[in-house]
Amino acid sequence: MPIVAQSTETTDWVSRFADEVIEESERRAPGKPVVVASGLSPSGPIHLGNLREVMTPHLVADEIRRRGYQVRHLISWDDYDRYRKVPAGVPGVDETWAEHIGKPLTSVPAPKGSPHPNWAEHFKAAMTESLAELGVEFDGISQTAQYTSGVYREQILHAMKHRGDIDAILAQYRTKKAPAKKQQQKPVDEAELEAAEGSGAAAEDDGSSGSAGYFPYKPYCGNCEKDLTTVTSYDDDSTELTYSCTSCGFSETVRLNEFNRGKLVWKVDWPMRWAYEGVIFEPSGVDHSSPGSSFQVGGQIVGIFDGKQPIGPMYAFVGISGMAKMSSSKGGVPTPADALKIMEPQLLRWLYARRRPNQSFKVAFDQEIQRLYDEWDRLEAKVADGSALPADVAAHSRAVGTASGELPRTPRPLPYRTLASVADITAGHEDQALRILSDLDPANPLTSLDEARPRYDKAEAWINTHVPADQRTIVRDEPDTELLKSLDEQARESLRLLLDGLADNWSLDGLTHLVYGVPKVQAGFSADATPKELPPEIKTAQRSFFALLYQLLVSRDTGPRLPTLLLAVGQERVRHLLGA
């Protein structure tokens with residue numbers, strides 16, 4: 001039996017929406033599976049902004065499943081949309097792809113070297129793989145398959161019969177637009193990734209309005225396959241339709257009750273699908289909040305198909321923090337696959353689960369990813385000891401698994417920043433990485449890198465793809481004799497204190513205590529003295545000491561955390577470089 005909906009006063013945003021959706025589904029379609037929906041257009045790389053279109057209903061659907069209800073999460077692949085432009089930065093694509101503009105996405109060749117049969121399948125495949133890694137269960141619907149097989153034939157004929165009603169609704173919002181202001185292009189690391197309403201909405205093409213009147217249907221040309229067509233006549237009784245193509249001049253007369261090479265325009269297509277599939281919940285981007293947007297207009301047009309508008313929360317943009325120039329998505333926007341190369345699925349799920357849909361957030365590709373991982377690890381510890389707040393517990397639960405079970409996880413989740421530092425210093429030498437990581441906790445040493453995977457691999461990928469070469473760590477081969485000779489007695493003493501304590505403190509915690517303790521001891525305090533017991537100048541002395549160590553070890557003023565760096569370099573080499 002389904003579990004009773006939870007109280008909305010003490011639950012998180014996902015549970016509150018689940019309450020509403022269950023109640024609405026029981027009202028509209030009692031006893032039937034709850035239907036939630038997403039729409040994705042594989043017109044190019046499907047980015048992290050588009051992912052919110054999927055994750056918002058996924059999280060709600062998963063909560064409903066956890067309560068014992070049957071749920072269908074539909075993802076409509078808008079692969080029968082027109083190919084609008086050649087996207088920048090896609091490998092294997094050149095200016096010759098412009099000749100396909102106007103064709104269905106499934107009729108456009110895939111990028112050179114792709115194993116997939118067409119453009120749409122190429123970009124669908126990457127997203128499908130990422131969704132599987134994220135634990136997203138869905139029913140995929142190809143709109144090419146739906147339209148070309150005649151699934152929507154009755155809906156198309158119904159829309160054509162009621163074209164006057166549809167035109168009247170659209171006419172309420174048609175206004176003469178002022179010329180758009182030219183906006184300065186944001187670099188990708190500052191840009192907000194917005195999920196488009198649907199490619200049909202991009203050009204605000206709401207139908208064919210030639211001399212024969214308005215028609216909510218666009219045929220694809222029987223000669224050139226493009227949608228640059230105009231319906232010139234239509235007979236409701238015989239369904240005889242004549243169109244002409246402005247691209248190649250071709251024209252023909254067909255019977256719409258037998259014709260499967262065209263589609264409803266976007267502002268009619270979307271509400272038609274709401275009614276056809278019985279969608280209860282589907283979010284939409286912030287661009288839908290304006291008058292005349294697809295969601296607003298669809299709320300009226302859906303009645304023509306005897307349907308109802310779904311519950312549709314508006315979701316905010318997703319930002320990107322520090323997408324490096326050396327990223328794999330050269331010239332483009334980062335995708336879920338890009339993010340999953342450097343972070344575990346749990347962390348990416350958490351970013352979407354912990355913020356309400358109307359709150360924007362950033363996905364980090366720069367140093368911020370280390371802070372995010374630290375925050376995640378602290379949350380894991382609080383959940384484990386029972387000190388986490390209820391909303392944080394809920395977000396954590398949604399991040400680590402679904403109603404089907406927990407996602408695979410790293411057996412020993414060592415700090416991401418430590419793993420990144422080790423991967424940086426060892427430059428791909430796994431035996432060296434294992435040596436260092438085993439020294440982190442001598443009482444419970446790591447016995448295999450597999451214990452630290454996949455987190456170690458994600459950290460290594462981040463170092464190799466998002467940290468510029470001039471910020472990588474290269475340990476010196478020989479001591480900096482000139483610098484060592486120039487040191488005053490106080491600096492020499494600090495090095496002696498460090499070297500004297502190495503053997504007894506050779507662990508991550510021990511070295512942390514040692515490097516922070518040396519300046520305290522030099523100033524006459526105990527190495528165990530807390531910041532509250534120390535004068536402010538101790539912090540200055542610590543910074544100077546750290547800078548000296550970095551210069552002697554890696555010829556820079558900064559670098560990986562010193563305890564990790566010392567473990568990586570090894571006792572013998574540390575002694576050599578510090579002039580023991």
# chains A, B, ... in the order shown; residues from 1 in each chain; ligands from 1

call {"tool": "residues_around", "arguments": {"residues": "A:Asp167", "least_positions_apart": "3", "cutoff": "12 Å", "atoms": "only C-alpha atoms", "output": "ChimeraX atom specification"}}
result
/A:159-164,170-174,206-209,213-217,265,267-268,297,300-301,304

call {"tool": "write_last_selection", "arguments": {"atoms": "C-alpha atoms", "output": "PDB file, in the first residue's frame"}}
result
ATOM      1  CA  ALA A 159      -5.288  20.754 -33.880  1.00  0.00           C
ATOM      2  CA  MET A 160      -5.872  21.550 -37.554  1.00  0.00           C
ATOM      3  CA  LYS A 161      -9.634  21.396 -37.047  1.00  0.00           C
ATOM      4  CA  HIS A 162      -9.336  23.810 -34.101  1.00  0.00           C
ATOM      5  CA  ARG A 163      -6.697  26.043 -35.686  1.00  0.00           C
ATOM      6  CA  GLY A 164      -8.932  29.088 -35.303  1.00  0.00           C
ATOM      7  CA  LEU A 170      -1.738  32.897 -29.624  1.00  0.00           C
ATOM      8  CA  ALA A 171      -3.024  36.239 -30.914  1.00  0.00           C
ATOM      9  CA  GLN A 172      -3.453  37.432 -27.330  1.00  0.00           C
ATOM     10  CA  TYR A 173       0.326  37.366 -26.938  1.00  0.00           C
ATOM     11  CA  ARG A 174       1.575  38.386 -30.374  1.00  0.00           C
ATOM     12  CA  ASP A 206       4.007  29.548 -33.647  1.00  0.00           C
ATOM     13  CA  GLY A 207       2.638  28.384 -36.988  1.00  0.00           C
ATOM     14  CA  SER A 208       2.172  28.928 -40.674  1.00  0.00           C
ATOM     15  CA  SER A 209       0.312  32.172 -41.374  1.00  0.00           C
ATOM     16  CA  GLY A 213      -4.699  31.614 -42.851  1.00  0.00           C
ATOM     17  CA  TYR A 214      -3.142  30.143 -39.730  1.00  0.00           C
ATOM     18  CA  PHE A 215      -2.022  26.503 -39.418  1.00  0.00           C
ATOM     19  CA  PRO A 216      -0.360  24.973 -36.314  1.00  0.00           C
ATOM     20  CA  TYR A 217       1.434  22.341 -38.408  1.00  0.00           C
ATOM     21  CA  VAL A 265       4.685  23.849 -33.912  1.00  0.00           C
ATOM     22  CA  LYS A 267       3.666  26.054 -28.647  1.00  0.00           C
ATOM     23  CA  VAL A 268       1.024  23.534 -29.697  1.00  0.00           C
ATOM     24  CA  VAL A 297       0.362  29.779 -23.558  1.00  0.00           C
ATOM     25  CA  GLN A 300      -4.579  27.572 -22.388  1.00  0.00           C
ATOM     26  CA  ILE A 301      -3.931  25.470 -25.481  1.00  0.00           C
ATOM     27  CA  ILE A 304      -8.201  22.210 -26.711  1.00  0.00           C
TER      28      ILE A 304
END

call {"tool": "residues_around", "arguments": {"residues": "A:Ala125", "least_positions_apart": "5", "cutoff": "9 Å", "atoms": "only C-alpha atoms", "output": "PyMOL selection string"}}
result
chain A and resi 116+120+130

call {"tool": "write_last_selection", "arguments": {"atoms": "N, CA and C atoms", "output": "mmCIF file, in the first residue's frame"}}
result
data_model
loop_
_atom_site.group_PDB
_atom_site.id
_atom_site.type_symbol
_atom_site.label_atom_id
_atom_site.label_comp_id
_atom_site.auth_asym_id
_atom_site.auth_seq_id
_atom_site.Cartn_x
_atom_site.Cartn_y
_atom_site.Cartn_z
ATOM 1 N N HIS A 116 27.481 6.957 -34.138
ATOM 2 C CA HIS A 116 26.020 7.043 -34.118
ATOM 3 C C HIS A 116 25.457 7.414 -35.485
ATOM 4 N N ALA A 120 21.164 13.671 -33.768
ATOM 5 C CA ALA A 120 20.415 13.548 -32.511
ATOM 6 C C ALA A 120 20.913 12.378 -31.673
ATOM 7 N N SER A 130 25.377 9.506 -19.059
ATOM 8 C CA SER A 130 25.511 10.280 -17.823
ATOM 9 C C SER A 130 24.339 10.029 -16.882
#

call {"tool": "residues_around", "arguments": {"residues": "A:Lys124", "least_positions_apart": "2", "cutoff": "9 Å", "atoms": "only C-alpha atoms", "output": "MDAnalysis selection string"}}
result
chainID A and resid 40:42 45:46 77 79 119:122 126:129

call {"tool": "atom_distance", "arguments": {"atom1": "atom CA of A:Gly319", "atom2": "atom CA of A:Val363"}}
result
6.3 Å

call {"tool": "atom_distance", "arguments": {"atom1": "atom CA of A:Ser421", "atom2": "atom CA of A:Lys520"}}
result
26.2 Å

call {"tool": "select_by_dssp", "arguments": {"residues": "stretch 58-191 of chain A", "states": "helix (DSSP H, G or I)", "output": "PyMOL selection string"}}
result
chain A and resi 58-66+95-100+105-107+119-133+143-148+153-161+163-171

call {"tool": "atom_distance", "arguments": {"atom1": "atom CA of A:Ser404", "atom2": "atom CA of A:Val136"}}
result
10.2 Å

call {"tool": "select_by_dssp", "arguments": {"residues": "stretch 335-434 of chain A", "states": "strand (DSSP E or B)", "output": "list in words"}}
result
Phe361, Lys362, Val363, Ala364, Gly401, Thr402, Gly405 and Glu406 of chain A

call {"tool": "residues_around", "arguments": {"residues": "A:Gly510", "least_positions_apart": "5", "cutoff": "12 Å", "atoms": "only C-alpha atoms", "output": "count of residues only"}}
result
20

call {"tool": "closest_residue", "arguments": {"among": "A:Phe250, A:Trp506, A:Tyr152, A:Tyr147", "to": "A:Ala275", "atoms": "only C-alpha atoms"}}
result
A:Tyr152

call {"tool": "closest_residue", "arguments": {"among": "A:Val393, A:Ala523, A:Ala568, A:Leu348", "to": "A:Asp431", "atoms": "only C-alpha atoms"}}
result
A:Ala568

call {"tool": "residues_around", "arguments": {"residues": "A:Ser238", "least_positions_apart": "3", "cutoff": "9 Å", "atoms": "only C-alpha atoms", "output": "CSV table (one decimal) with N, CA and C atoms, in the first residue's frame"}}
result
chain,number,residue,atom,x,y,z
A,234,TYR,N,-5.9,23.7,-47.0
A,234,TYR,CA,-6.2,22.5,-46.2
A,234,TYR,C,-7.7,22.4,-46.2
A,235,ASP,N,-8.2,21.1,-46.4
A,235,ASP,CA,-9.6,20.8,-46.3
A,235,ASP,C,-9.9,19.9,-45.2
A,241,LEU,N,-4.0,18.5,-47.8
A,241,LEU,CA,-3.1,19.6,-47.5
A,241,LEU,C,-2.1,19.9,-48.6
A,255,ARG,N,-2.5,13.9,-48.1
A,255,ARG,CA,-3.7,13.7,-47.2
A,255,ARG,C,-3.1,13.6,-45.8
A,256,LEU,N,-3.4,14.5,-45.0
A,256,LEU,CA,-2.8,14.6,-43.6
A,256,LEU,C,-3.2,13.4,-42.8
A,257,ASN,N,-4.3,12.7,-43.1
A,257,ASN,CA,-4.6,11.5,-42.3
A,257,ASN,C,-3.7,10.3,-42.7

call {"tool": "residues_around", "arguments": {"residues": "A:Leu578", "least_positions_apart": "4", "cutoff": "9 Å", "atoms": "only C-alpha atoms", "output": "number ranges by chain"}}
result
A: 479-480, 484, 495-496, 499, 549, 552-553, 573-574

call {"tool": "write_last_selection", "arguments": {"atoms": "N, CA and C atoms", "output": "compact mmCIF listing (two decimals), in the first residue's frame"}}
result
# COMPACT_ATOMS: atom_id res chain seq x y z
N PRO A 479 68.77 20.54 -3.87
CA PRO A 479 68.51 21.65 -2.95
C PRO A 479 68.80 23.00 -3.60
N ASP A 480 68.08 24.02 -3.13
CA ASP A 480 68.33 25.40 -3.55
C ASP A 480 69.43 25.94 -2.64
N LEU A 484 69.39 28.38 0.75
CA LEU A 484 69.79 27.82 2.05
C LEU A 484 70.92 28.62 2.68
N LEU A 495 63.99 25.02 10.27
CA LEU A 495 64.20 23.82 9.46
C LEU A 495 64.71 22.67 10.34
N ARG A 496 65.61 22.98 11.30
CA ARG A 496 66.12 21.93 12.20
C ARG A 496 65.00 21.33 13.02
N LEU A 499 62.98 19.03 10.77
CA LEU A 499 63.70 17.80 10.43
C LEU A 499 63.82 16.87 11.64
N LEU A 549 59.27 26.70 3.13
CA LEU A 549 59.24 25.28 2.79
C LEU A 549 58.83 25.07 1.33
N LEU A 552 61.73 25.88 -0.95
CA LEU A 552 62.79 24.87 -0.92
C LEU A 552 62.37 23.55 -1.56
N LEU A 553 61.07 23.26 -1.54
CA LEU A 553 60.60 21.98 -2.07
C LEU A 553 60.12 22.07 -3.52
N ARG A 573 64.09 12.42 0.83
CA ARG A 573 64.22 13.54 -0.12
C ARG A 573 63.95 14.86 0.56
N VAL A 574 63.02 14.90 1.52
CA VAL A 574 62.75 16.13 2.27
C VAL A 574 64.03 16.57 2.98

call {"tool": "closest_residue", "arguments": {"among": "A:Asp500, A:Glu137, A:Asp470, A:Asp450", "to": "A:Arg556", "atoms": "only C-alpha atoms"}}
result
A:Asp470

call {"tool": "residues_around", "arguments": {"residues": "A:Asp139", "least_positions_apart": "5", "cutoff": "7 Å", "atoms": "only C-alpha atoms", "output": "list of chain:residue names"}}
result
A:Arg72, A:His73, A:Leu74, A:Ile75

call {"tool": "closest_residue", "arguments": {"among": "A:Gly150, A:Pro336, A:Gly222, A:Gly113", "to": "A:Met55", "atoms": "only C-alpha atoms"}}
result
A:Pro336

call {"tool": "closest_residue", "arguments": {"among": "A:Arg472, A:Arg455, A:Lys32, A:His47", "to": "A:Tyr69", "atoms": "only C-alpha atoms"}}
result
A:Lys32

call {"tool": "decode", "arguments": {"residues": "stretch 533-563 of chain A", "atoms": "N, CA, C and O atoms", "output": "PDB file, in the first residue's frame"}}
result
ATOM      1  N   GLU A 533      45.248  31.067  22.408  1.00  0.00           N
ATOM      2  CA  GLU A 533      46.340  31.256  23.371  1.00  0.00           C
ATOM      3  C   GLU A 533      47.536  31.953  22.752  1.00  0.00           C
ATOM      4  O   GLU A 533      48.526  32.200  23.442  1.00  0.00           O
ATOM      5  N   LEU A 534      47.474  32.264  21.478  1.00  0.00           N
ATOM      6  CA  LEU A 534      48.644  32.779  20.759  1.00  0.00           C
ATOM      7  C   LEU A 534      48.432  34.215  20.295  1.00  0.00           C
ATOM      8  O   LEU A 534      47.312  34.617  19.959  1.00  0.00           O
ATOM      9  N   PRO A 535      49.507  35.001  20.240  1.00  0.00           N
ATOM     10  CA  PRO A 535      49.402  36.359  19.701  1.00  0.00           C
ATOM     11  C   PRO A 535      49.219  36.303  18.174  1.00  0.00           C
ATOM     12  O   PRO A 535      49.595  35.317  17.518  1.00  0.00           O
ATOM     13  N   PRO A 536      48.673  37.352  17.558  1.00  0.00           N
ATOM     14  CA  PRO A 536      48.417  37.365  16.114  1.00  0.00           C
ATOM     15  C   PRO A 536      49.667  37.146  15.261  1.00  0.00           C
ATOM     16  O   PRO A 536      49.585  36.589  14.167  1.00  0.00           O
ATOM     17  N   GLU A 537      50.839  37.576  15.784  1.00  0.00           N
ATOM     18  CA  GLU A 537      52.054  37.468  14.960  1.00  0.00           C
ATOM     19  C   GLU A 537      52.471  36.017  14.701  1.00  0.00           C
ATOM     20  O   GLU A 537      53.281  35.753  13.805  1.00  0.00           O
ATOM     21  N   ILE A 538      51.931  35.079  15.461  1.00  0.00           N
ATOM     22  CA  ILE A 538      52.257  33.667  15.210  1.00  0.00           C
ATOM     23  C   ILE A 538      51.752  33.255  13.831  1.00  0.00           C
ATOM     24  O   ILE A 538      52.413  32.503  13.102  1.00  0.00           O
ATOM     25  N   LYS A 539      50.567  33.752  13.438  1.00  0.00           N
ATOM     26  CA  LYS A 539      50.040  33.426  12.111  1.00  0.00           C
ATOM     27  C   LYS A 539      50.966  33.942  11.020  1.00  0.00           C
ATOM     28  O   LYS A 539      51.191  33.288  10.003  1.00  0.00           O
ATOM     29  N   THR A 540      51.528  35.123  11.239  1.00  0.00           N
ATOM     30  CA  THR A 540      52.468  35.689  10.271  1.00  0.00           C
ATOM     31  C   THR A 540      53.714  34.819  10.177  1.00  0.00           C
ATOM     32  O   THR A 540      54.226  34.547   9.082  1.00  0.00           O
ATOM     33  N   ALA A 541      54.195  34.366  11.342  1.00  0.00           N
ATOM     34  CA  ALA A 541      55.385  33.513  11.362  1.00  0.00           C
ATOM     35  C   ALA A 541      55.102  32.172  10.656  1.00  0.00           C
ATOM     36  O   ALA A 541      55.957  31.642   9.937  1.00  0.00           O
ATOM     37  N   GLN A 542      53.905  31.648  10.859  1.00  0.00           N
ATOM     38  CA  GLN A 542      53.545  30.397  10.189  1.00  0.00           C
ATOM     39  C   GLN A 542      53.533  30.566   8.673  1.00  0.00           C
ATOM     40  O   GLN A 542      54.060  29.716   7.938  1.00  0.00           O
ATOM     41  N   ARG A 543      52.945  31.667   8.196  1.00  0.00           N
ATOM     42  CA  ARG A 543      52.899  31.908   6.753  1.00  0.00           C
ATOM     43  C   ARG A 543      54.296  32.019   6.160  1.00  0.00           C
ATOM     44  O   ARG A 543      54.585  31.492   5.087  1.00  0.00           O
ATOM     45  N   SER A 544      55.187  32.697   6.884  1.00  0.00           N
ATOM     46  CA  SER A 544      56.560  32.845   6.395  1.00  0.00           C
ATOM     47  C   SER A 544      57.275  31.490   6.361  1.00  0.00           C
ATOM     48  O   SER A 544      58.015  31.187   5.416  1.00  0.00           O
ATOM     49  N   PHE A 545      57.044  30.682   7.381  1.00  0.00           N
ATOM     50  CA  PHE A 545      57.652  29.350   7.447  1.00  0.00           C
ATOM     51  C   PHE A 545      57.141  28.464   6.303  1.00  0.00           C
ATOM     52  O   PHE A 545      57.914  27.774   5.633  1.00  0.00           O
ATOM     53  N   PHE A 546      55.840  28.520   6.074  1.00  0.00           N
ATOM     54  CA  PHE A 546      55.262  27.716   4.986  1.00  0.00           C
ATOM     55  C   PHE A 546      55.833  28.146   3.639  1.00  0.00           C
ATOM     56  O   PHE A 546      56.170  27.300   2.796  1.00  0.00           O
ATOM     57  N   ALA A 547      55.947  29.449   3.414  1.00  0.00           N
ATOM     58  CA  ALA A 547      56.472  29.958   2.139  1.00  0.00           C
ATOM     59  C   ALA A 547      57.907  29.486   1.922  1.00  0.00           C
ATOM     60  O   ALA A 547      58.308  29.146   0.802  1.00  0.00           O
ATOM     61  N   LEU A 548      58.691  29.463   3.020  1.00  0.00           N
ATOM     62  CA  LEU A 548      60.079  28.995   2.921  1.00  0.00           C
ATOM     63  C   LEU A 548      60.106  27.522   2.510  1.00  0.00           C
ATOM     64  O   LEU A 548      60.886  27.127   1.620  1.00  0.00           O
ATOM     65  N   LEU A 549      59.271  26.702   3.133  1.00  0.00           N
ATOM     66  CA  LEU A 549      59.236  25.279   2.789  1.00  0.00           C
ATOM     67  C   LEU A 549      58.825  25.068   1.332  1.00  0.00           C
ATOM     68  O   LEU A 549      59.408  24.238   0.628  1.00  0.00           O
ATOM     69  N   TYR A 550      57.817  25.809   0.883  1.00  0.00           N
ATOM     70  CA  TYR A 550      57.387  25.678  -0.513  1.00  0.00           C
ATOM     71  C   TYR A 550      58.527  26.048  -1.468  1.00  0.00           C
ATOM     72  O   TYR A 550      58.765  25.372  -2.476  1.00  0.00           O
ATOM     73  N   GLN A 551      59.245  27.125  -1.154  1.00  0.00           N
ATOM     74  CA  GLN A 551      60.351  27.544  -2.026  1.00  0.00           C
ATOM     75  C   GLN A 551      61.431  26.466  -2.092  1.00  0.00           C
ATOM     76  O   GLN A 551      61.959  26.165  -3.164  1.00  0.00           O
ATOM     77  N   LEU A 552      61.733  25.876  -0.955  1.00  0.00           N
ATOM     78  CA  LEU A 552      62.787  24.870  -0.919  1.00  0.00           C
ATOM     79  C   LEU A 552      62.369  23.545  -1.556  1.00  0.00           C
ATOM     80  O   LEU A 552      63.215  22.809  -2.082  1.00  0.00           O
ATOM     81  N   LEU A 553      61.070  23.260  -1.540  1.00  0.00           N
ATOM     82  CA  LEU A 553      60.596  21.983  -2.068  1.00  0.00           C
ATOM     83  C   LEU A 553      60.118  22.070  -3.521  1.00  0.00           C
ATOM     84  O   LEU A 553      60.408  21.176  -4.326  1.00  0.00           O
ATOM     85  N   VAL A 554      59.374  23.149  -3.863  1.00  0.00           N
ATOM     86  CA  VAL A 554      58.780  23.225  -5.208  1.00  0.00           C
ATOM     87  C   VAL A 554      59.043  24.559  -5.906  1.00  0.00           C
ATOM     88  O   VAL A 554      58.458  24.843  -6.953  1.00  0.00           O
ATOM     89  N   SER A 555      59.919  25.394  -5.327  1.00  0.00           N
ATOM     90  CA  SER A 555      60.321  26.669  -5.950  1.00  0.00           C
ATOM     91  C   SER A 555      59.148  27.617  -6.191  1.00  0.00           C
ATOM     92  O   SER A 555      59.139  28.385  -7.155  1.00  0.00           O
ATOM     93  N   ARG A 556      58.157  27.565  -5.318  1.00  0.00           N
ATOM     94  CA  ARG A 556      57.021  28.487  -5.386  1.00  0.00           C
ATOM     95  C   ARG A 556      56.637  28.897  -3.985  1.00  0.00           C
ATOM     96  O   ARG A 556      57.058  28.274  -3.015  1.00  0.00           O
ATOM     97  N   ASP A 557      55.822  29.956  -3.872  1.00  0.00           N
ATOM     98  CA  ASP A 557      55.401  30.410  -2.544  1.00  0.00           C
ATOM     99  C   ASP A 557      54.225  29.616  -1.991  1.00  0.00           C
ATOM    100  O   ASP A 557      53.913  29.699  -0.800  1.00  0.00           O
ATOM    101  N   THR A 558      53.532  28.895  -2.869  1.00  0.00           N
ATOM    102  CA  THR A 558      52.376  28.110  -2.443  1.00  0.00           C
ATOM    103  C   THR A 558      52.418  26.741  -3.124  1.00  0.00           C
ATOM    104  O   THR A 558      53.269  26.488  -3.982  1.00  0.00           O
ATOM    105  N   GLY A 559      51.484  25.878  -2.752  1.00  0.00           N
ATOM    106  CA  GLY A 559      51.418  24.551  -3.344  1.00  0.00           C
ATOM    107  C   GLY A 559      50.388  23.707  -2.618  1.00  0.00           C
ATOM    108  O   GLY A 559      49.534  24.239  -1.898  1.00  0.00           O
ATOM    109  N   PRO A 560      50.461  22.393  -2.773  1.00  0.00           N
ATOM    110  CA  PRO A 560      49.548  21.511  -2.049  1.00  0.00           C
ATOM    111  C   PRO A 560      49.740  21.676  -0.544  1.00  0.00           C
ATOM    112  O   PRO A 560      50.769  22.194  -0.091  1.00  0.00           O
ATOM    113  N   ARG A 561      48.793  21.228   0.250  1.00  0.00           N
ATOM    114  CA  ARG A 561      48.930  21.305   1.704  1.00  0.00           C
ATOM    115  C   ARG A 561      50.256  20.666   2.109  1.00  0.00           C
ATOM    116  O   ARG A 561      50.619  19.589   1.652  1.00  0.00           O
ATOM    117  N   LEU A 562      50.985  21.357   2.972  1.00  0.00           N
ATOM    118  CA  LEU A 562      52.340  20.923   3.311  1.00  0.00           C
ATOM    119  C   LEU A 562      52.429  19.505   3.868  1.00  0.00           C
ATOM    120  O   LEU A 562      53.340  18.760   3.491  1.00  0.00           O
ATOM    121  N   PRO A 563      51.529  19.081   4.752  1.00  0.00           N
ATOM    122  CA  PRO A 563      51.640  17.699   5.240  1.00  0.00           C
ATOM    123  C   PRO A 563      51.563  16.680   4.101  1.00  0.00           C
ATOM    124  O   PRO A 563      52.320  15.711   4.067  1.00  0.00           O
TER     125      PRO A 563
END
